[in-house]
$ cat coords-v1.csv   # CSV, N, CA and C atoms
chain,number,residue,atom,x,y,z
V,1,MET,N,21.3,-24.1,-35.0
V,1,MET,CA,20.3,-24.4,-33.9
V,1,MET,C,20.9,-25.2,-32.8
V,2,LEU,N,21.8,-26.1,-33.2
V,2,LEU,CA,22.5,-27.0,-32.3
V,2,LEU,C,23.4,-26.2,-31.4
V,3,LEU,N,24.1,-25.2,-32.0
V,3,LEU,CA,25.0,-24.3,-31.2
V,3,LEU,C,24.2,-23.5,-30.2
V,4,MET,N,23.1,-23.0,-30.6
V,4,MET,CA,22.3,-22.2,-29.7
V,4,MET,C,21.8,-23.0,-28.5
V,5,SER,N,21.3,-24.2,-28.7
V,5,SER,CA,20.8,-25.1,-27.6
V,5,SER,C,22.0,-25.5,-26.7
V,6,THR,N,23.2,-25.8,-27.3
V,6,THR,CA,24.3,-26.1,-26.5
V,6,THR,C,24.8,-25.0,-25.6
V,7,MET,N,24.8,-23.8,-26.2
V,7,MET,CA,25.2,-22.6,-25.4
V,7,MET,C,24.2,-22.4,-24.3
V,8,THR,N,22.9,-22.6,-24.6
V,8,THR,CA,21.8,-22.4,-23.5
V,8,THR,C,22.0,-23.4,-22.4
V,9,LEU,N,22.3,-24.6,-22.8
V,9,LEU,CA,22.6,-25.7,-21.8
V,9,LEU,C,23.8,-25.4,-20.9
V,10,ILE,N,24.9,-24.9,-21.6
V,10,ILE,CA,26.1,-24.6,-20.8
V,10,ILE,C,25.8,-23.4,-19.8
V,11,ILE,N,25.1,-22.4,-20.3
V,11,ILE,CA,24.8,-21.3,-19.4
V,11,ILE,C,23.9,-21.7,-18.3
V,12,PHE,N,23.0,-22.5,-18.6
V,12,PHE,CA,22.1,-23.0,-17.5
V,12,PHE,C,22.9,-23.8,-16.5
V,13,LEU,N,23.8,-24.7,-16.9
V,13,LEU,CA,24.6,-25.5,-16.0
V,13,LEU,C,25.5,-24.6,-15.2
V,14,ILE,N,26.1,-23.6,-15.8
V,14,ILE,CA,27.0,-22.7,-15.0
V,14,ILE,C,26.2,-21.9,-14.0
V,15,THR,N,25.0,-21.5,-14.3
V,15,THR,CA,24.2,-20.8,-13.3
V,15,THR,C,23.8,-21.7,-12.1
V,16,ILE,N,23.5,-22.9,-12.4
V,16,ILE,CA,23.1,-23.9,-11.4
V,16,ILE,C,24.3,-24.2,-10.5
V,17,ILE,N,25.5,-24.3,-11.1
V,17,ILE,CA,26.7,-24.6,-10.3
V,17,ILE,C,27.0,-23.4,-9.4
V,18,VAL,N,26.9,-22.2,-9.9
V,18,VAL,CA,27.2,-21.0,-9.1
V,18,VAL,C,26.2,-20.8,-8.0
V,19,MET,N,25.0,-21.1,-8.3
V,19,MET,CA,23.9,-21.0,-7.2
V,19,MET,C,24.2,-22.0,-6.1
V,20,MET,N,24.5,-23.2,-6.5
V,20,MET,CA,24.8,-24.3,-5.5
V,20,MET,C,26.0,-24.0,-4.7
V,21,LEU,N,27.1,-23.4,-5.3
V,21,LEU,CA,28.3,-23.0,-4.6
V,21,LEU,C,28.0,-21.9,-3.6
V,22,ALA,N,27.2,-20.9,-4.0
V,22,ALA,CA,26.8,-19.8,-3.2
V,22,ALA,C,26.0,-20.3,-2.0
V,23,THR,N,25.1,-21.3,-2.2
V,23,THR,CA,24.3,-21.8,-1.1
V,23,THR,C,25.2,-22.6,-0.1
V,24,LEU,N,26.1,-23.4,-0.6
V,24,LEU,CA,27.0,-24.2,0.3
V,24,LEU,C,28.0,-23.3,1.0
V,25,LEU,N,28.5,-22.3,0.4
V,25,LEU,CA,29.6,-21.5,1.0
V,25,LEU,C,29.0,-20.3,1.9
V,26,SER,N,27.8,-20.1,1.8
V,26,SER,CA,27.2,-19.0,2.7
V,26,SER,C,27.2,-19.4,4.1
V,27,LYS,N,27.3,-18.4,5.0
V,27,LYS,CA,27.4,-18.7,6.4
V,27,LYS,C,26.0,-18.6,7.1
V,28,LYS,N,25.0,-18.5,6.3
V,28,LYS,CA,23.7,-18.4,6.9
V,28,LYS,C,23.2,-19.7,7.5
V,29,THR,N,22.5,-19.6,8.6
V,29,THR,CA,21.9,-20.8,9.2
V,29,THR,C,20.4,-20.4,9.4
V,30,LEU,N,19.6,-21.4,9.4
V,30,LEU,CA,18.1,-21.2,9.5
V,30,LEU,C,17.7,-20.8,10.9
V,31,LEU,N,18.4,-21.2,11.9
V,31,LEU,CA,18.1,-21.0,13.3
V,31,LEU,C,19.1,-20.1,14.0
V,32,ASP,N,19.5,-19.0,13.3
V,32,ASP,CA,20.5,-18.1,13.9
V,32,ASP,C,19.8,-17.2,14.9
V,33,ARG,N,20.4,-17.2,16.1
V,33,ARG,CA,19.8,-16.5,17.2
V,33,ARG,C,19.7,-15.0,17.0
V,34,GLU,N,20.7,-14.4,16.3
V,34,GLU,CA,20.7,-13.0,16.1
V,34,GLU,C,19.7,-12.6,15.0
V,35,LYS,N,19.5,-13.5,14.0
V,35,LYS,CA,18.5,-13.2,13.0
V,35,LYS,C,17.1,-13.3,13.5
V,36,CYS,N,16.8,-14.2,14.4
V,36,CYS,CA,15.5,-14.4,15.0
V,36,CYS,C,15.1,-13.3,16.0
V,37,SER,N,16.1,-12.6,16.6
V,37,SER,CA,15.7,-11.6,17.6
V,37,SER,C,15.5,-10.3,17.0
V,38,PRO,N,14.6,-9.4,17.5
V,38,PRO,CA,14.4,-8.1,17.0
V,38,PRO,C,15.6,-7.2,17.3
V,39,PHE,N,15.9,-6.3,16.4
V,39,PHE,CA,17.0,-5.4,16.5
V,39,PHE,C,16.6,-4.1,17.3
V,40,GLU,N,17.3,-3.9,18.4
V,40,GLU,CA,17.0,-2.7,19.2
V,40,GLU,C,18.4,-2.1,19.6
V,41,CYS,N,19.2,-1.6,18.7
V,41,CYS,CA,20.5,-1.0,19.1
V,41,CYS,C,21.4,-1.9,19.8
V,42,GLY,N,21.3,-3.2,19.5
V,42,GLY,CA,22.2,-4.1,20.1
V,42,GLY,C,21.8,-4.6,21.5
V,43,PHE,N,20.8,-4.1,22.1
V,43,PHE,CA,20.3,-4.5,23.4
V,43,PHE,C,19.2,-5.5,23.3
V,44,ASP,N,18.9,-6.2,24.3
V,44,ASP,CA,17.8,-7.1,24.3
V,44,ASP,C,16.5,-6.2,24.5
V,45,PRO,N,15.5,-6.5,23.8
V,45,PRO,CA,14.3,-5.7,23.9
V,45,PRO,C,13.6,-5.8,25.2
V,46,MET,N,13.1,-4.7,25.7
V,46,MET,CA,12.4,-4.6,27.0
V,46,MET,C,11.0,-5.2,27.0
V,47,ASN,N,10.4,-5.1,25.9
V,47,ASN,CA,9.0,-5.6,25.8
V,47,ASN,C,8.9,-6.5,24.5
V,48,SER,N,7.7,-6.9,24.2
V,48,SER,CA,7.4,-7.8,23.1
V,48,SER,C,7.6,-7.0,21.8
V,49,SER,N,8.2,-7.7,20.8
V,49,SER,CA,8.4,-7.0,19.5
V,49,SER,C,7.1,-7.1,18.7
V,50,ARG,N,6.2,-7.8,19.1
V,50,ARG,CA,4.9,-8.0,18.3
V,50,ARG,C,3.9,-7.1,18.9
V,51,LEU,N,3.8,-5.8,18.5
V,51,LEU,CA,2.8,-4.9,19.0
V,51,LEU,C,1.6,-5.0,18.1
V,52,PRO,N,0.4,-4.6,18.7
V,52,PRO,CA,-0.8,-4.7,17.9
V,52,PRO,C,-0.8,-3.8,16.7
V,53,PHE,N,-1.3,-4.2,15.6
V,53,PHE,CA,-1.2,-3.4,14.4
V,53,PHE,C,-2.5,-2.7,14.3
V,54,SER,N,-2.5,-1.4,13.9
V,54,SER,CA,-3.6,-0.6,13.7
V,54,SER,C,-4.3,-0.9,12.4
V,55,LEU,N,-5.5,-1.5,12.5
V,55,LEU,CA,-6.3,-1.8,11.3
V,55,LEU,C,-6.7,-0.5,10.6
V,56,ARG,N,-7.0,0.5,11.3
V,56,ARG,CA,-7.5,1.8,10.8
V,56,ARG,C,-6.3,2.4,9.9
V,57,PHE,N,-5.1,2.3,10.4
V,57,PHE,CA,-4.0,2.8,9.6
V,57,PHE,C,-3.8,2.0,8.3
V,58,PHE,N,-4.0,0.7,8.4
V,58,PHE,CA,-3.8,-0.1,7.2
V,58,PHE,C,-4.9,0.2,6.2
V,59,LEU,N,-6.1,0.5,6.6
V,59,LEU,CA,-7.2,0.8,5.7
V,59,LEU,C,-6.9,2.2,5.0
V,60,ILE,N,-6.4,3.1,5.8
V,60,ILE,CA,-6.1,4.4,5.2
V,60,ILE,C,-5.0,4.3,4.1
V,61,ALA,N,-4.0,3.4,4.5
V,61,ALA,CA,-2.9,3.2,3.5
V,61,ALA,C,-3.4,2.5,2.2
V,62,ILE,N,-4.3,1.6,2.4
V,62,ILE,CA,-4.8,0.9,1.2
V,62,ILE,C,-5.6,1.9,0.3
V,63,ILE,N,-6.4,2.7,1.0
V,63,ILE,CA,-7.2,3.7,0.2
V,63,ILE,C,-6.3,4.7,-0.5
V,64,PHE,N,-5.2,5.1,0.2
V,64,PHE,CA,-4.2,6.0,-0.5
V,64,PHE,C,-3.6,5.3,-1.7
V,65,LEU,N,-3.3,4.0,-1.6
V,65,LEU,CA,-2.7,3.4,-2.7
V,65,LEU,C,-3.6,3.2,-3.9
V,66,ILE,N,-4.9,2.9,-3.6
V,66,ILE,CA,-5.9,2.8,-4.6
V,66,ILE,C,-6.0,4.1,-5.4
V,67,PHE,N,-6.2,5.2,-4.6
V,67,PHE,CA,-6.4,6.5,-5.3
V,67,PHE,C,-5.1,7.0,-6.0
V,68,ASP,N,-3.9,6.6,-5.5
V,68,ASP,CA,-2.7,7.0,-6.1
V,68,ASP,C,-2.5,6.3,-7.4
V,69,VAL,N,-2.9,5.0,-7.5
V,69,VAL,CA,-2.9,4.3,-8.8
V,69,VAL,C,-3.9,4.9,-9.8
V,70,GLU,N,-5.0,5.2,-9.3
V,70,GLU,CA,-6.0,5.8,-10.2
V,70,GLU,C,-5.6,7.2,-10.7
V,71,ILE,N,-4.9,8.0,-9.9
V,71,ILE,CA,-4.3,9.2,-10.4
V,71,ILE,C,-3.3,8.9,-11.5
V,72,ALA,N,-2.5,7.9,-11.3
V,72,ALA,CA,-1.5,7.5,-12.3
V,72,ALA,C,-2.1,7.1,-13.6
V,73,LEU,N,-3.3,6.5,-13.5
V,73,LEU,CA,-4.1,6.2,-14.7
V,73,LEU,C,-4.7,7.4,-15.4
V,74,LEU,N,-5.0,8.4,-14.6
V,74,LEU,CA,-5.6,9.6,-15.2
V,74,LEU,C,-4.6,10.5,-15.9
V,75,LEU,N,-3.4,10.6,-15.4
V,75,LEU,CA,-2.4,11.5,-16.0
V,75,LEU,C,-2.1,11.2,-17.5
V,76,PRO,N,-2.0,10.0,-17.9
V,76,PRO,CA,-1.7,9.8,-19.4
V,76,PRO,C,-2.9,10.2,-20.2
V,77,MET,N,-4.1,10.3,-19.7
V,77,MET,CA,-5.3,10.7,-20.4
V,77,MET,C,-5.1,12.2,-20.9
V,78,ILE,N,-4.3,13.0,-20.2
V,78,ILE,CA,-4.0,14.3,-20.7
V,78,ILE,C,-3.2,14.3,-21.9
V,79,LEU,N,-2.3,13.4,-22.0
V,79,LEU,CA,-1.4,13.3,-23.2
V,79,LEU,C,-2.1,12.8,-24.4
V,80,ILE,N,-3.1,12.0,-24.3
V,80,ILE,CA,-3.7,11.4,-25.5
V,80,ILE,C,-5.0,12.3,-25.9
V,81,ILE,N,-5.2,13.4,-25.3
V,81,ILE,CA,-6.4,14.2,-25.7
V,81,ILE,C,-6.3,14.7,-27.1
V,82,LYS,N,-5.1,15.0,-27.6
V,82,LYS,CA,-4.9,15.5,-29.0
V,82,LYS,C,-5.1,14.3,-30.0
V,83,MET,N,-4.8,13.1,-29.6
V,83,MET,CA,-4.8,12.0,-30.6
V,83,MET,C,-6.2,11.3,-30.6
V,84,SER,N,-7.1,11.6,-29.7
V,84,SER,CA,-8.3,10.8,-29.6
V,84,SER,C,-9.5,11.8,-30.0
V,85,ASN,N,-10.6,11.1,-30.1
V,85,ASN,CA,-11.9,11.8,-30.4
V,85,ASN,C,-12.3,12.5,-29.1
V,86,LEU,N,-12.6,13.8,-29.2
V,86,LEU,CA,-12.9,14.6,-27.9
V,86,LEU,C,-14.1,14.1,-27.2
V,87,ILE,N,-15.1,13.7,-27.9
V,87,ILE,CA,-16.3,13.2,-27.2
V,87,ILE,C,-16.1,11.9,-26.5
V,88,ASN,N,-15.4,11.0,-27.2
V,88,ASN,CA,-15.1,9.7,-26.5
V,88,ASN,C,-14.2,9.9,-25.3
V,89,TRP,N,-13.2,10.8,-25.5
V,89,TRP,CA,-12.3,11.1,-24.4
V,89,TRP,C,-13.0,11.7,-23.2
V,90,THR,N,-13.9,12.6,-23.4
V,90,THR,CA,-14.6,13.3,-22.4
V,90,THR,C,-15.5,12.3,-21.6
V,91,ILE,N,-16.2,11.4,-22.4
V,91,ILE,CA,-17.1,10.4,-21.8
V,91,ILE,C,-16.3,9.5,-20.9
V,92,THR,N,-15.1,9.0,-21.4
V,92,THR,CA,-14.3,8.1,-20.7
V,92,THR,C,-13.7,8.7,-19.4
V,93,ALA,N,-13.3,10.0,-19.5
V,93,ALA,CA,-12.7,10.7,-18.4
V,93,ALA,C,-13.8,10.9,-17.3
V,94,LEU,N,-14.9,11.4,-17.7
V,94,LEU,CA,-16.0,11.6,-16.8
V,94,LEU,C,-16.5,10.4,-16.1
V,95,PHE,N,-16.6,9.3,-16.9
V,95,PHE,CA,-17.0,8.0,-16.3
V,95,PHE,C,-15.9,7.5,-15.2
V,96,PHE,N,-14.7,7.7,-15.6
V,96,PHE,CA,-13.6,7.3,-14.6
V,96,PHE,C,-13.6,8.1,-13.4
V,97,ILE,N,-13.8,9.4,-13.5
V,97,ILE,CA,-13.8,10.3,-12.4
V,97,ILE,C,-15.1,10.0,-11.6
V,98,PHE,N,-16.2,9.7,-12.2
V,98,PHE,CA,-17.4,9.4,-11.5
V,98,PHE,C,-17.3,8.1,-10.7
V,99,ILE,N,-16.6,7.1,-11.2
V,99,ILE,CA,-16.3,5.9,-10.4
V,99,ILE,C,-15.5,6.3,-9.2
V,100,LEU,N,-14.5,7.1,-9.4
V,100,LEU,CA,-13.6,7.6,-8.3
V,100,LEU,C,-14.4,8.3,-7.2
V,101,LEU,N,-15.3,9.1,-7.6
V,101,LEU,CA,-16.2,9.9,-6.7
V,101,LEU,C,-17.1,9.0,-5.9
V,102,ILE,N,-17.7,8.0,-6.6
V,102,ILE,CA,-18.5,7.0,-5.9
V,102,ILE,C,-17.7,6.2,-4.9
V,103,GLY,N,-16.5,5.8,-5.2
V,103,GLY,CA,-15.7,5.1,-4.3
V,103,GLY,C,-15.3,6.0,-3.1
V,104,LEU,N,-15.0,7.3,-3.3
V,104,LEU,CA,-14.7,8.2,-2.3
V,104,LEU,C,-15.9,8.4,-1.4
V,105,TYR,N,-17.1,8.6,-1.9
V,105,TYR,CA,-18.3,8.7,-1.2
V,105,TYR,C,-18.6,7.5,-0.3
V,106,HIS,N,-18.4,6.3,-0.9
V,106,HIS,CA,-18.6,5.1,-0.1
V,106,HIS,C,-17.7,5.0,1.1
V,107,GLU,N,-16.4,5.3,0.8
V,107,GLU,CA,-15.4,5.2,1.9
V,107,GLU,C,-15.8,6.3,3.0
V,108,TRP,N,-16.2,7.4,2.6
V,108,TRP,CA,-16.6,8.5,3.5
V,108,TRP,C,-17.8,8.1,4.3
V,109,ASN,N,-18.8,7.5,3.6
V,109,ASN,CA,-20.0,7.0,4.3
V,109,ASN,C,-19.8,5.9,5.2
V,110,GLN,N,-18.8,5.0,4.9
V,110,GLN,CA,-18.5,3.9,5.8
V,110,GLN,C,-17.7,4.3,7.0
V,111,GLY,N,-17.1,5.5,7.0
V,111,GLY,CA,-16.4,6.1,8.1
V,111,GLY,C,-14.9,5.7,8.1
V,112,ALA,N,-14.4,5.2,6.9
V,112,ALA,CA,-13.0,4.8,6.8
V,112,ALA,C,-12.1,5.9,6.8
V,113,LEU,N,-12.6,7.1,6.5
V,113,LEU,CA,-11.7,8.3,6.4
V,113,LEU,C,-11.6,9.1,7.7
V,114,GLU,N,-12.4,8.7,8.7
V,114,GLU,CA,-12.3,9.3,10.0
V,114,GLU,C,-11.3,8.6,10.9
V,115,TRP,N,-10.3,9.4,11.3
V,115,TRP,CA,-9.2,8.8,12.0
V,115,TRP,C,-9.5,8.8,13.6
V,116,ASN,N,-10.4,9.6,14.0
V,116,ASN,CA,-10.6,9.8,15.5
V,116,ASN,C,-11.3,8.7,16.2
V,117,ASN,N,-12.0,7.8,15.5
V,117,ASN,CA,-12.7,6.8,16.2
V,117,ASN,C,-11.8,5.7,16.8

$ encode --input "coords-v1.csv" --output "structure tokens"
Amino acid sequence: MLLMSTMTLIIFLITIIVMMLATLLSKKTLLDREKCSPFECGFDPMNSSRLPFSLRFFLIAIIFLIFDVEIALLLPMILIIKMSNLINWTITALFFIFILLIGLYHEWNQGALEWNN
């Protein structure tokens, strides 16, 4: 046990020393002019780099991610159909799809899926 704790302490000290050396020897500065300026093929930008962000696009992206994750949750259900009770599996799958459809209807009703507005 003493050998294990000694080795752990030595490894911890070596990693701390290497991290401190890397920090001291790196050439990064916090206020580097090139790092703070936006990149535009080496030229100074003609206009502001902070353009207004489309909230509609952000909402569509969030909705896509939510439905994408839910599809990833549905796919393993196909694999476990042979190992589970068919009635319980059907009730669970239908309940999950029903929740998805309610969410889709709500987003459609709120107008989040209409891109033209």

$ atom_distance --input "coords-v1.csv" --atom1 "atom CA of Asp68 of chain V" --atom2 "atom N of His106 of chain V"
16.6 Å

$ closest_residue --input "coords-v1.csv" --among "V:Ile16, V:Ile81, V:Met7, V:Trp115" --to "Ala61 of chain V" --atoms "only C-alpha atoms"
V:Trp115

$ atom_distance --input "coords-v1.csv" --atom1 "atom C of Asn116 of chain V" --atom2 "atom C of Ile62 of chain V"
18.2 Å

$ closest_residue --input "coords-v1.csv" --among "V:Ile99, V:Ala93, V:Val18, V:Ile60" --to "Leu74 of chain V" --atoms "only C-alpha atoms"
V:Ala93

$ atom_distance --input "coords-v1.csv" --atom1 "atom CA of Thr92 of chain V" --atom2 "atom CA of Met77 of chain V"
9.4 Å

$ closest_residue --input "coords-v1.csv" --among "V:Leu79, V:Ile66, V:Leu59, V:Leu94" --to "Ala112 of chain V" --atoms "all atoms listed in the file"
V:Leu59

$ closest_residue --input "coords-v1.csv" --among "V:Ile63, V:Val69, V:Leu86, V:Leu24" --to "Leu113 of chain V" --atoms "only C-alpha atoms"
V:Ile63

$ axis_aligned_box --input "coords-v1.csv" --around "segment 101-117 of chain V" --padding-each-side "6 Å" --output "lines of an AutoDock Vina configuration file"
center_x = -14.6
center_y = 6.9
center_z = 4.6
size_x = 22.8
size_y = 18.0
size_z = 36.4

$ build_atoms --input "coords-v1.csv" --residues "segment 81-92 of chain V" --atoms "all heavy atoms" --output "PDB file, in the coordinates of the input"
ATOM      1  N   ILE V  81      -5.200  13.400 -25.300  1.00  0.00           N
ATOM      2  CA  ILE V  81      -6.400  14.200 -25.700  1.00  0.00           C
ATOM      3  C   ILE V  81      -6.300  14.700 -27.100  1.00  0.00           C
ATOM      4  O   ILE V  81      -7.285  14.759 -27.821  1.00  0.00           O
ATOM      5  CB  ILE V  81      -6.564  15.372 -24.691  1.00  0.00           C
ATOM      6  CG1 ILE V  81      -7.927  16.008 -24.913  1.00  0.00           C
ATOM      7  CG2 ILE V  81      -5.480  16.388 -24.826  1.00  0.00           C
ATOM      8  CD1 ILE V  81      -8.300  17.000 -23.832  1.00  0.00           C
ATOM      9  N   LYS V  82      -5.100  15.000 -27.600  1.00  0.00           N
ATOM     10  CA  LYS V  82      -4.900  15.500 -29.000  1.00  0.00           C
ATOM     11  C   LYS V  82      -5.100  14.300 -30.000  1.00  0.00           C
ATOM     12  O   LYS V  82      -5.444  14.598 -31.153  1.00  0.00           O
ATOM     13  CB  LYS V  82      -3.548  16.110 -29.159  1.00  0.00           C
ATOM     14  CG  LYS V  82      -3.394  17.385 -28.388  1.00  0.00           C
ATOM     15  CD  LYS V  82      -2.023  17.976 -28.591  1.00  0.00           C
ATOM     16  CE  LYS V  82      -1.873  19.232 -27.760  1.00  0.00           C
ATOM     17  NZ  LYS V  82      -0.529  19.804 -27.885  1.00  0.00           N
ATOM     18  N   MET V  83      -4.800  13.100 -29.600  1.00  0.00           N
ATOM     19  CA  MET V  83      -4.800  12.000 -30.600  1.00  0.00           C
ATOM     20  C   MET V  83      -6.200  11.300 -30.600  1.00  0.00           C
ATOM     21  O   MET V  83      -6.370  10.405 -31.438  1.00  0.00           O
ATOM     22  CB  MET V  83      -3.743  10.978 -30.197  1.00  0.00           C
ATOM     23  CG  MET V  83      -2.346  11.513 -30.338  1.00  0.00           C
ATOM     24  SD  MET V  83      -1.143  10.310 -29.824  1.00  0.00           S
ATOM     25  CE  MET V  83      -1.025  10.688 -28.089  1.00  0.00           C
ATOM     26  N   SER V  84      -7.100  11.600 -29.700  1.00  0.00           N
ATOM     27  CA  SER V  84      -8.300  10.800 -29.600  1.00  0.00           C
ATOM     28  C   SER V  84      -9.500  11.800 -30.000  1.00  0.00           C
ATOM     29  O   SER V  84      -9.398  12.972 -30.031  1.00  0.00           O
ATOM     30  CB  SER V  84      -8.493  10.225 -28.265  1.00  0.00           C
ATOM     31  OG  SER V  84      -8.583  11.231 -27.297  1.00  0.00           O
ATOM     32  N   ASN V  85     -10.600  11.100 -30.100  1.00  0.00           N
ATOM     33  CA  ASN V  85     -11.900  11.800 -30.400  1.00  0.00           C
ATOM     34  C   ASN V  85     -12.300  12.500 -29.100  1.00  0.00           C
ATOM     35  O   ASN V  85     -12.316  11.902 -27.998  1.00  0.00           O
ATOM     36  CB  ASN V  85     -12.963  10.820 -30.796  1.00  0.00           C
ATOM     37  CG  ASN V  85     -14.249  11.494 -31.197  1.00  0.00           C
ATOM     38  OD1 ASN V  85     -14.370  12.718 -31.155  1.00  0.00           O
ATOM     39  ND2 ASN V  85     -15.202  10.680 -31.583  1.00  0.00           N
ATOM     40  N   LEU V  86     -12.600  13.800 -29.200  1.00  0.00           N
ATOM     41  CA  LEU V  86     -12.900  14.600 -27.900  1.00  0.00           C
ATOM     42  C   LEU V  86     -14.100  14.100 -27.200  1.00  0.00           C
ATOM     43  O   LEU V  86     -14.075  14.074 -25.951  1.00  0.00           O
ATOM     44  CB  LEU V  86     -12.981  16.075 -28.311  1.00  0.00           C
ATOM     45  CG  LEU V  86     -13.025  17.043 -27.132  1.00  0.00           C
ATOM     46  CD1 LEU V  86     -11.741  16.930 -26.328  1.00  0.00           C
ATOM     47  CD2 LEU V  86     -13.234  18.459 -27.597  1.00  0.00           C
ATOM     48  N   ILE V  87     -15.100  13.700 -27.900  1.00  0.00           N
ATOM     49  CA  ILE V  87     -16.300  13.200 -27.200  1.00  0.00           C
ATOM     50  C   ILE V  87     -16.100  11.900 -26.500  1.00  0.00           C
ATOM     51  O   ILE V  87     -16.474  11.777 -25.316  1.00  0.00           O
ATOM     52  CB  ILE V  87     -17.493  13.114 -28.230  1.00  0.00           C
ATOM     53  CG1 ILE V  87     -17.846  14.498 -28.792  1.00  0.00           C
ATOM     54  CG2 ILE V  87     -18.713  12.451 -27.604  1.00  0.00           C
ATOM     55  CD1 ILE V  87     -18.810  14.468 -29.946  1.00  0.00           C
ATOM     56  N   ASN V  88     -15.400  11.000 -27.200  1.00  0.00           N
ATOM     57  CA  ASN V  88     -15.100   9.700 -26.500  1.00  0.00           C
ATOM     58  C   ASN V  88     -14.200   9.900 -25.300  1.00  0.00           C
ATOM     59  O   ASN V  88     -14.315   9.280 -24.262  1.00  0.00           O
ATOM     60  CB  ASN V  88     -14.473   8.740 -27.486  1.00  0.00           C
ATOM     61  CG  ASN V  88     -15.472   8.237 -28.497  1.00  0.00           C
ATOM     62  OD1 ASN V  88     -16.685   8.293 -28.264  1.00  0.00           O
ATOM     63  ND2 ASN V  88     -14.975   7.766 -29.619  1.00  0.00           N
ATOM     64  N   TRP V  89     -13.200  10.800 -25.500  1.00  0.00           N
ATOM     65  CA  TRP V  89     -12.300  11.100 -24.400  1.00  0.00           C
ATOM     66  C   TRP V  89     -13.000  11.700 -23.200  1.00  0.00           C
ATOM     67  O   TRP V  89     -12.730  11.292 -22.050  1.00  0.00           O
ATOM     68  CB  TRP V  89     -11.161  12.014 -24.876  1.00  0.00           C
ATOM     69  CG  TRP V  89     -10.116  12.283 -23.837  1.00  0.00           C
ATOM     70  CD1 TRP V  89      -8.987  11.570 -23.633  1.00  0.00           C
ATOM     71  CD2 TRP V  89     -10.131  13.322 -22.862  1.00  0.00           C
ATOM     72  NE1 TRP V  89      -8.285  12.101 -22.583  1.00  0.00           N
ATOM     73  CE2 TRP V  89      -8.961  13.182 -22.084  1.00  0.00           C
ATOM     74  CE3 TRP V  89     -11.000  14.354 -22.556  1.00  0.00           C
ATOM     75  CZ2 TRP V  89      -8.644  14.038 -21.046  1.00  0.00           C
ATOM     76  CZ3 TRP V  89     -10.684  15.198 -21.512  1.00  0.00           C
ATOM     77  CH2 TRP V  89      -9.519  15.033 -20.773  1.00  0.00           C
ATOM     78  N   THR V  90     -13.900  12.600 -23.400  1.00  0.00           N
ATOM     79  CA  THR V  90     -14.600  13.300 -22.400  1.00  0.00           C
ATOM     80  C   THR V  90     -15.500  12.300 -21.600  1.00  0.00           C
ATOM     81  O   THR V  90     -15.585  12.270 -20.402  1.00  0.00           O
ATOM     82  CB  THR V  90     -15.486  14.428 -22.924  1.00  0.00           C
ATOM     83  OG1 THR V  90     -14.639  15.310 -23.647  1.00  0.00           O
ATOM     84  CG2 THR V  90     -16.168  15.189 -21.811  1.00  0.00           C
ATOM     85  N   ILE V  91     -16.200  11.400 -22.400  1.00  0.00           N
ATOM     86  CA  ILE V  91     -17.100  10.400 -21.800  1.00  0.00           C
ATOM     87  C   ILE V  91     -16.300   9.500 -20.900  1.00  0.00           C
ATOM     88  O   ILE V  91     -16.638   9.141 -19.770  1.00  0.00           O
ATOM     89  CB  ILE V  91     -17.904   9.678 -22.833  1.00  0.00           C
ATOM     90  CG1 ILE V  91     -18.918  10.627 -23.460  1.00  0.00           C
ATOM     91  CG2 ILE V  91     -18.596   8.453 -22.251  1.00  0.00           C
ATOM     92  CD1 ILE V  91     -19.620  10.060 -24.674  1.00  0.00           C
ATOM     93  N   THR V  92     -15.100   9.000 -21.400  1.00  0.00           N
ATOM     94  CA  THR V  92     -14.300   8.100 -20.700  1.00  0.00           C
ATOM     95  C   THR V  92     -13.700   8.700 -19.400  1.00  0.00           C
ATOM     96  O   THR V  92     -13.751   8.139 -18.332  1.00  0.00           O
ATOM     97  CB  THR V  92     -13.129   7.601 -21.567  1.00  0.00           C
ATOM     98  OG1 THR V  92     -13.656   7.031 -22.755  1.00  0.00           O
ATOM     99  CG2 THR V  92     -12.273   6.581 -20.851  1.00  0.00           C
TER     100      THR V  92
END
